[in-house]
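The next block is my_file_26.cif, given as mmCIF, C-alpha atoms.
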```cif
data_run
#
loop_
_atom_site.label_atom_id
_atom_site.label_comp_id
_atom_site.auth_asym_id
_atom_site.auth_seq_id
_atom_site.Cartn_x
_atom_site.Cartn_y
_atom_site.Cartn_z
CA MET A 1 -61.25 106.47 20.42
CA GLY A 2 -59.23 104.52 22.98
CA ILE A 3 -61.77 101.68 23.17
CA VAL A 4 -61.74 101.22 19.38
CA LEU A 5 -57.95 101.04 19.47
CA TRP A 6 -58.07 98.40 22.21
CA ILE A 7 -60.63 96.36 20.25
CA VAL A 8 -58.54 96.52 17.07
CA LEU A 9 -55.44 95.60 19.05
CA ALA A 10 -57.27 92.65 20.67
CA VAL A 11 -58.47 91.41 17.26
CA VAL A 12 -54.94 91.66 15.86
CA VAL A 13 -53.51 89.80 18.88
CA LEU A 14 -56.16 87.05 18.54
CA LEU A 15 -55.46 86.77 14.81
CA VAL A 16 -51.71 86.49 15.42
CA LEU A 17 -52.31 83.86 18.12
CA TYR A 18 -54.52 81.88 15.74
CA VAL A 19 -51.89 82.02 12.98
CA ILE A 20 -49.24 80.78 15.43
CA MET A 21 -51.47 77.94 16.67
CA ALA A 22 -52.47 76.90 13.14
CA PHE A 23 -48.86 77.06 11.95
CA ASN A 24 -47.68 74.94 14.89
CA SER A 25 -50.45 72.41 14.26
CA LEU A 26 -49.41 72.11 10.61
CA VAL A 27 -45.75 71.70 11.59
CA ARG A 28 -46.68 68.94 14.05
CA GLY A 29 -48.75 67.21 11.39
CA ARG A 30 -45.95 67.42 8.83
CA ASN A 31 -43.45 66.09 11.37
CA GLN A 32 -45.76 63.20 12.31
CA ALA A 33 -46.21 62.24 8.65
CA THR A 34 -42.44 62.41 8.08
CA GLU A 35 -41.80 60.26 11.16
CA ALA A 36 -44.44 57.75 10.06
CA TRP A 37 -42.77 57.51 6.65
CA SER A 38 -39.38 56.87 8.28
CA ASP A 39 -40.98 53.98 10.18
CA ILE A 40 -42.10 52.50 6.85
CA GLU A 41 -38.61 52.95 5.43
CA THR A 42 -37.15 51.03 8.39
CA HIS A 43 -39.39 48.05 7.68
CA LEU A 44 -38.71 48.27 3.94
CA LYS A 45 -34.97 48.16 4.61
CA ARG A 46 -35.48 45.06 6.75
CA ARG A 47 -37.33 43.43 3.84
CA TYR A 48 -34.55 44.42 1.43
CA ASP A 49 -32.00 42.81 3.77
CA LEU A 50 -33.92 39.52 3.94
CA ILE A 51 -34.43 39.08 0.20
CA PRO A 52 -30.86 38.08 -0.79
CA ASN A 53 -30.91 35.29 1.83
CA LEU A 54 -34.26 34.09 0.53
CA VAL A 55 -33.05 34.12 -3.08
CA GLU A 56 -29.91 32.17 -2.17
CA THR A 57 -31.96 29.58 -0.28
CA VAL A 58 -34.37 29.13 -3.17
CA LYS A 59 -31.53 28.92 -5.75
CA GLY A 60 -30.31 25.67 -4.27
CA TYR A 61 -33.69 23.98 -4.70
CA ALA A 62 -35.29 25.66 -7.69
CA LYS A 63 -32.50 25.70 -10.24
CA HIS A 64 -34.95 25.97 -13.15
CA GLU A 65 -36.63 29.07 -11.77
CA SER A 66 -33.89 31.61 -12.51
CA ALA A 67 -36.32 33.98 -14.26
CA THR A 68 -38.44 34.23 -11.12
CA LEU A 69 -35.40 34.79 -8.93
CA GLU A 70 -34.01 37.40 -11.31
CA LYS A 71 -37.36 39.22 -11.23
CA VAL A 72 -37.16 39.39 -7.43
CA VAL A 73 -33.58 40.65 -7.49
CA GLN A 74 -34.46 43.35 -10.05
CA ALA A 75 -37.56 44.41 -8.09
CA ARG A 76 -35.46 44.66 -4.91
CA SER A 77 -32.85 46.75 -6.72
CA ARG A 78 -35.48 49.16 -8.09
CA ALA A 79 -37.07 49.49 -4.66
CA MET A 80 -33.76 50.12 -2.89
CA ASN A 81 -32.77 52.79 -5.42
CA GLN A 82 -36.10 54.60 -5.22
CA SER A 83 -35.91 57.94 -3.46
CA GLY A 84 -38.55 60.29 -2.18
CA GLY A 85 -41.74 59.72 -0.30
CA ALA A 86 -44.76 57.48 -0.66
CA GLU A 87 -45.72 58.76 -4.09
CA ASN A 88 -42.45 57.41 -5.52
CA HIS A 89 -42.38 54.15 -3.56
CA SER A 90 -45.88 52.73 -3.97
CA ALA A 91 -45.44 51.19 -7.42
CA VAL A 92 -41.98 49.67 -6.87
CA GLU A 93 -42.87 48.34 -3.43
CA ASN A 94 -46.03 46.74 -4.78
CA ASP A 95 -43.98 45.15 -7.57
CA LEU A 96 -41.51 43.80 -5.02
CA GLY A 97 -44.35 42.39 -2.92
CA GLN A 98 -45.74 40.58 -5.96
CA SER A 99 -42.29 39.18 -6.73
CA LEU A 100 -41.93 37.84 -3.19
CA MET A 101 -45.32 36.17 -3.47
CA SER A 102 -44.09 34.37 -6.60
CA ILE A 103 -41.14 32.94 -4.64
CA PHE A 104 -43.43 31.68 -1.91
CA ALA A 105 -45.65 30.13 -4.60
CA LEU A 106 -42.56 28.34 -5.96
CA SER A 107 -42.17 26.49 -2.69
CA GLU A 108 -45.37 24.58 -3.47
CA SER A 109 -43.62 22.98 -6.47
CA TYR A 110 -40.51 22.06 -4.49
CA PRO A 111 -41.32 20.00 -1.38
CA ASP A 112 -37.68 19.95 -0.26
CA LEU A 113 -37.59 23.75 -0.35
CA LYS A 114 -40.90 23.95 1.47
CA ALA A 115 -39.46 21.78 4.26
CA ASN A 116 -36.11 23.62 4.46
CA GLN A 117 -35.74 25.17 7.92
CA ASN A 118 -33.83 28.19 6.62
CA PHE A 119 -36.56 28.87 4.03
CA ILE A 120 -39.27 28.48 6.68
CA GLU A 121 -37.53 30.96 8.99
CA LEU A 122 -36.95 33.47 6.19
CA GLN A 123 -40.57 33.13 5.14
CA LYS A 124 -41.70 33.81 8.72
CA GLU A 125 -39.41 36.84 9.01
CA ILE A 126 -40.56 38.28 5.69
CA THR A 127 -44.20 37.67 6.59
CA ASP A 128 -43.65 39.40 9.92
CA THR A 129 -41.94 42.30 8.15
CA GLU A 130 -44.79 42.54 5.63
CA ASP A 131 -47.26 42.72 8.51
CA LYS A 132 -45.23 45.53 10.07
CA ILE A 133 -45.12 47.37 6.74
CA GLN A 134 -48.91 47.11 6.49
CA ALA A 135 -49.39 48.41 10.04
CA SER A 136 -46.97 51.26 9.37
CA ARG A 137 -48.73 51.99 6.09
CA ARG A 138 -52.07 52.30 7.89
CA PHE A 139 -50.56 54.63 10.52
CA TYR A 140 -48.82 56.73 7.87
CA ASN A 141 -51.96 57.05 5.76
CA SER A 142 -53.99 58.00 8.84
CA THR A 143 -51.44 60.68 9.74
CA VAL A 144 -51.40 61.94 6.15
CA LEU A 145 -55.21 62.09 6.10
CA SER A 146 -55.23 64.24 9.23
CA PHE A 147 -52.53 66.56 7.88
CA ASN A 148 -54.10 66.82 4.42
CA ASN A 149 -57.46 67.66 6.01
CA ARG A 150 -55.84 70.51 7.91
CA THR A 151 -54.22 71.85 4.74
CA ALA A 152 -57.53 71.71 2.86
CA THR A 153 -60.08 73.01 5.37
CA VAL A 154 -60.92 76.58 6.21
CA PRO A 155 -59.37 78.51 7.91
CA SER A 156 -56.15 76.51 8.35
CA ASN A 157 -55.82 76.13 4.58
CA VAL A 158 -55.11 79.88 4.42
CA ILE A 159 -52.19 79.44 6.83
CA ALA A 160 -51.03 76.33 4.93
CA GLY A 161 -51.04 78.30 1.70
CA MET A 162 -49.22 81.25 3.23
CA PHE A 163 -46.41 79.03 4.51
CA ASN A 164 -46.30 76.57 1.56
CA PHE A 165 -47.48 73.47 3.39
CA THR A 166 -48.22 70.87 0.71
CA LYS A 167 -50.23 67.69 0.94
CA PHE A 168 -48.55 64.33 1.41
CA ALA A 169 -49.24 61.40 -0.91
CA TYR A 170 -50.74 58.21 0.47
CA PHE A 171 -48.78 54.96 0.42
CA GLU A 172 -51.36 52.89 -1.39
CA LEU A 173 -51.94 49.34 -2.51
CA ASP A 174 -51.87 48.75 -6.23
CA GLU A 175 -55.00 47.49 -7.98
CA SER A 176 -53.92 43.82 -7.94
CA GLU A 177 -53.34 43.92 -4.17
CA LYS A 178 -56.69 45.64 -3.64
CA ALA A 179 -58.39 42.94 -5.71
CA ALA A 180 -56.57 40.15 -3.83
CA ALA A 181 -57.47 41.71 -0.48
CA SER A 182 -61.15 41.84 -1.40
CA LYS A 183 -61.36 38.17 -2.46
CA PRO A 184 -62.41 35.60 0.11
CA VAL A 185 -59.69 33.27 1.31
CA ARG A 186 -60.28 29.66 0.35
CA VAL A 187 -59.08 27.04 2.84
CA GLN A 188 -58.76 23.41 1.78
CA PHE A 189 -57.99 20.37 3.91
#
```

Could you rewrite the structure in this file as structure tokens?
Amino acid sequence: MGIVLWIVLAVVVLLVLYVIMAFNSLVRGRNQATEAWSDIETHLKRRYDLIPNLVETVKGYAKHESATLEKVVQARSRAMNQSGGAENHSAVENDLGQSLMSIFALSESYPDLKANQNFIELQKEITDTEDKIQASRRFYNSTVLSFNNRTATVPSNVIAGMFNFTKFAYFELDESEKAAASKPVRVQF
């Protein structure tokens, strides 16, 4: 009788230890995904801060392009006022990215703007920030994949369900960005 009790006690202890380890693993995964999202938000804020300077620089050269500039300002405002995680930000951030691309396309029509040192520096800073957003997006999505796998696979999904761990949404490209990314780049001299 004593041996059976010890075996049952050992199984219970092992089960409790597993639950603790699985719970801690899920907490670490959730914290990593949250930290990765805050890194994205830092880069997004940097982009938001650069946009007014870019718009002001372009205004002086492209007076007839007020609709394009207004579109950028509105997209920035929507993006800044968006709250929540990746699921709420993807669409507005993609819209803002498209708006910024339209400003850079404007510079082709205005040689003086294209040669303006302030515009060139802002363009470099925004491009650098966009690269950092993309790198952070990849890290975030990788972290989310790992966490979501843990919440969906047996046996940790049982622990995730018991303690209400929910999946994170990916911070994804919209369809137009996916299509642009898959097209070959054409270089002309």

Fewer than 4 positions away in the same chain doesn't count, so skip those; otherwise give me all residues within 12 Å of Tyr18 in chain A, counting only C-alpha atoms, as a PyMOL selection string. chain A and resi 11-14+22-25+155-156+158-159

| Selected residue, from A:Ala160, A:Ala169, A:Val8, A:Leu113, that lies nearest to Lys63 in chain A when counting all atoms listed in the file |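 Of all the options, A:Leu113 lies closest to Lys63 in chain A.
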
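Ranking A:Tyr61, A:Phe147, A:Trp37, A:Tyr48 by their shortest atom-to-atom distance to Gln74 in chain A, with all atoms listed in the file included, puts A:Tyr48 first.
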
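In terms of minimum interatomic distance to Lys59 in chain A, A:Leu106 ranks closest within A:Leu96, A:Met101, A:Leu106, A:Leu15, counting only C-alpha atoms.
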
Applied to this file, what does the PyMOL selection byres ((chain A and resi 84-90) around 7) return in terms of residues, put as an mmCIF file with C-alpha atoms, in the frame of the given file?
```
data_model
loop_
_atom_site.group_PDB
_atom_site.id
_atom_site.type_symbol
_atom_site.label_atom_id
_atom_site.label_comp_id
_atom_site.auth_asym_id
_atom_site.auth_seq_id
_atom_site.Cartn_x
_atom_site.Cartn_y
_atom_site.Cartn_z
ATOM 1 C CA GLN A 82 -36.100 54.600 -5.220
ATOM 2 C CA SER A 83 -35.910 57.940 -3.460
ATOM 3 C CA ALA A 91 -45.440 51.190 -7.420
ATOM 4 C CA VAL A 92 -41.980 49.670 -6.870
ATOM 5 C CA GLU A 93 -42.870 48.340 -3.430
ATOM 6 C CA ASN A 94 -46.030 46.740 -4.780
ATOM 7 C CA ALA A 169 -49.240 61.400 -0.910
ATOM 8 C CA TYR A 170 -50.740 58.210 0.470
ATOM 9 C CA PHE A 171 -48.780 54.960 0.420
ATOM 10 C CA GLU A 172 -51.360 52.890 -1.390
#
```

Restricting the calculation to all atoms listed in the file, which member of A:Pro52, A:Thr166, A:Ser142, A:Val4 is positioned closest to Phe119 in chain A?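 Distance minimum relative to Phe119 in chain A lands on A:Pro52.
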
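Taking CA of Lys167 in chain A and CA of Thr34 in chain A as the two end points, the separation is 11.8 Å.
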
Practice prompt. Using CA of Asn116 in chain A and CA of Lys45 in chain A as the two end points, give the distance in Å to one decimal.
Written response: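 Computed distance, CA of Asn116 in chain A to CA of Lys45 in chain A, equals 24.6 Å.
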
As a check of understanding: the span from CA of Ala36 in chain A to CA of Ile133 in chain A is 10.9 Å

For Leu100 in chain A, find every residue with an atom within 12 Å (counting all atoms listed in the file), except residues of its own chain fewer than 2 positions away, and show them as an MDAnalysis selection string. chainID A and resid 47:48 50:52 54:55 58 68:76 93:98 102:107 122:123 126:127 130

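Of the residues under consideration (A:Leu26, A:Met80, A:Val16, A:Arg138), A:Leu26 shows the shortest atom-to-atom contact distance to Asn164 in chain A when counting only C-alpha atoms.
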
Restricting to only C-alpha atoms, whichever of A:Asn53, A:Ser109, A:Thr153, A:Gln134 is closest to Glu41 in chain A is A:Gln134

How would range 33-45 of chain A of the given structure read as a file with all heavy atoms, as a tab-separated table (two decimals), in the first residue's frame?
```tsv
chain	number	residue	atom	x	y	z
A	33	ALA	N	6.88	38.16	-26.95
A	33	ALA	CA	6.05	38.73	-28.02
A	33	ALA	C	5.65	40.17	-27.68
A	33	ALA	O	5.67	41.05	-28.55
A	33	ALA	CB	4.80	37.88	-28.24
A	34	THR	N	5.33	40.43	-26.42
A	34	THR	CA	4.98	41.79	-26.00
A	34	THR	C	6.17	42.72	-26.15
A	34	THR	O	6.03	43.86	-26.62
A	34	THR	CB	4.48	41.77	-24.54
A	34	THR	OG1	3.35	40.89	-24.45
A	34	THR	CG2	4.09	43.15	-24.07
A	35	GLU	N	7.35	42.26	-25.77
A	35	GLU	CA	8.57	43.07	-25.90
A	35	GLU	C	8.89	43.31	-27.37
A	35	GLU	O	9.28	44.41	-27.76
A	35	GLU	CB	9.73	42.36	-25.20
A	35	GLU	CG	10.99	43.20	-25.07
A	35	GLU	CD	11.91	43.06	-26.26
A	35	GLU	OE1	11.91	42.01	-26.90
A	35	GLU	OE2	12.64	44.04	-26.53
A	36	ALA	N	8.71	42.31	-28.20
A	36	ALA	CA	8.97	42.47	-29.64
A	36	ALA	C	8.00	43.49	-30.24
A	36	ALA	O	8.39	44.29	-31.09
A	36	ALA	CB	8.86	41.13	-30.35
A	37	TRP	N	6.75	43.48	-29.79
A	37	TRP	CA	5.79	44.47	-30.28
A	37	TRP	C	6.18	45.88	-29.83
A	37	TRP	O	6.07	46.83	-30.59
A	37	TRP	CB	4.37	44.14	-29.83
A	37	TRP	CG	3.43	45.19	-30.32
A	37	TRP	CD1	2.79	46.13	-29.58
A	37	TRP	CD2	3.07	45.43	-31.68
A	37	TRP	NE1	2.05	46.95	-30.40
A	37	TRP	CE2	2.21	46.54	-31.69
A	37	TRP	CE3	3.40	44.83	-32.88
A	37	TRP	CZ2	1.67	47.05	-32.87
A	37	TRP	CZ3	2.86	45.34	-34.05
A	37	TRP	CH2	2.01	46.44	-34.04
A	38	SER	N	6.68	46.02	-28.62
A	38	SER	CA	7.09	47.36	-28.16
A	38	SER	C	8.26	47.88	-28.98
A	38	SER	O	8.38	49.09	-29.20
A	38	SER	CB	7.41	47.36	-26.67
A	38	SER	OG	8.62	46.71	-26.40
A	39	ASP	N	9.12	46.99	-29.46
A	39	ASP	CA	10.21	47.39	-30.34
A	39	ASP	C	9.65	47.94	-31.65
A	39	ASP	O	10.11	48.97	-32.15
A	39	ASP	CB	11.13	46.20	-30.60
A	39	ASP	CG	12.43	46.59	-31.26
A	39	ASP	OD1	12.95	47.68	-30.97
A	39	ASP	OD2	12.92	45.79	-32.10
A	40	ILE	N	8.64	47.29	-32.19
A	40	ILE	CA	7.99	47.79	-33.41
A	40	ILE	C	7.38	49.16	-33.15
A	40	ILE	O	7.53	50.08	-33.96
A	40	ILE	CB	6.91	46.80	-33.91
A	40	ILE	CG1	7.56	45.53	-34.46
A	40	ILE	CG2	6.02	47.44	-34.97
A	40	ILE	CD1	6.59	44.44	-34.81
A	41	GLU	N	6.70	49.31	-32.02
A	41	GLU	CA	6.07	50.59	-31.70
A	41	GLU	C	7.10	51.72	-31.61
A	41	GLU	O	6.82	52.85	-32.01
A	41	GLU	CB	5.29	50.49	-30.40
A	41	GLU	CG	3.99	49.73	-30.55
A	41	GLU	CD	3.20	49.65	-29.26
A	41	GLU	OE1	3.82	49.50	-28.18
A	41	GLU	OE2	1.96	49.72	-29.33
A	42	THR	N	8.29	51.42	-31.11
A	42	THR	CA	9.35	52.43	-31.02
A	42	THR	C	9.73	52.92	-32.42
A	42	THR	O	9.85	54.13	-32.66
A	42	THR	CB	10.60	51.84	-30.33
A	42	THR	OG1	10.22	51.45	-29.00
A	42	THR	CG2	11.73	52.83	-30.27
A	43	HIS	N	9.89	51.99	-33.35
A	43	HIS	CA	10.25	52.37	-34.72
A	43	HIS	C	9.09	53.08	-35.42
A	43	HIS	O	9.33	54.02	-36.19
A	43	HIS	CB	10.69	51.14	-35.52
A	43	HIS	CG	11.92	50.50	-34.98
A	43	HIS	ND1	13.11	51.18	-34.80
A	43	HIS	CD2	12.15	49.23	-34.58
A	43	HIS	CE1	14.02	50.35	-34.30
A	43	HIS	NE2	13.46	49.16	-34.16
A	44	LEU	N	7.86	52.66	-35.13
A	44	LEU	CA	6.71	53.34	-35.73
A	44	LEU	C	6.64	54.78	-35.24
A	44	LEU	O	6.36	55.70	-36.02
A	44	LEU	CB	5.42	52.60	-35.38
A	44	LEU	CG	5.26	51.21	-35.99
A	44	LEU	CD1	3.97	50.56	-35.49
A	44	LEU	CD2	5.28	51.25	-37.51
A	45	LYS	N	6.90	55.00	-33.95
A	45	LYS	CA	6.88	56.36	-33.42
A	45	LYS	C	7.94	57.21	-34.10
A	45	LYS	O	7.69	58.37	-34.43
A	45	LYS	CB	7.11	56.36	-31.91
A	45	LYS	CG	7.20	57.78	-31.36
A	45	LYS	CD	6.79	57.91	-29.97
A	45	LYS	CE	6.87	59.28	-29.38
A	45	LYS	NZ	7.05	60.41	-30.23
```
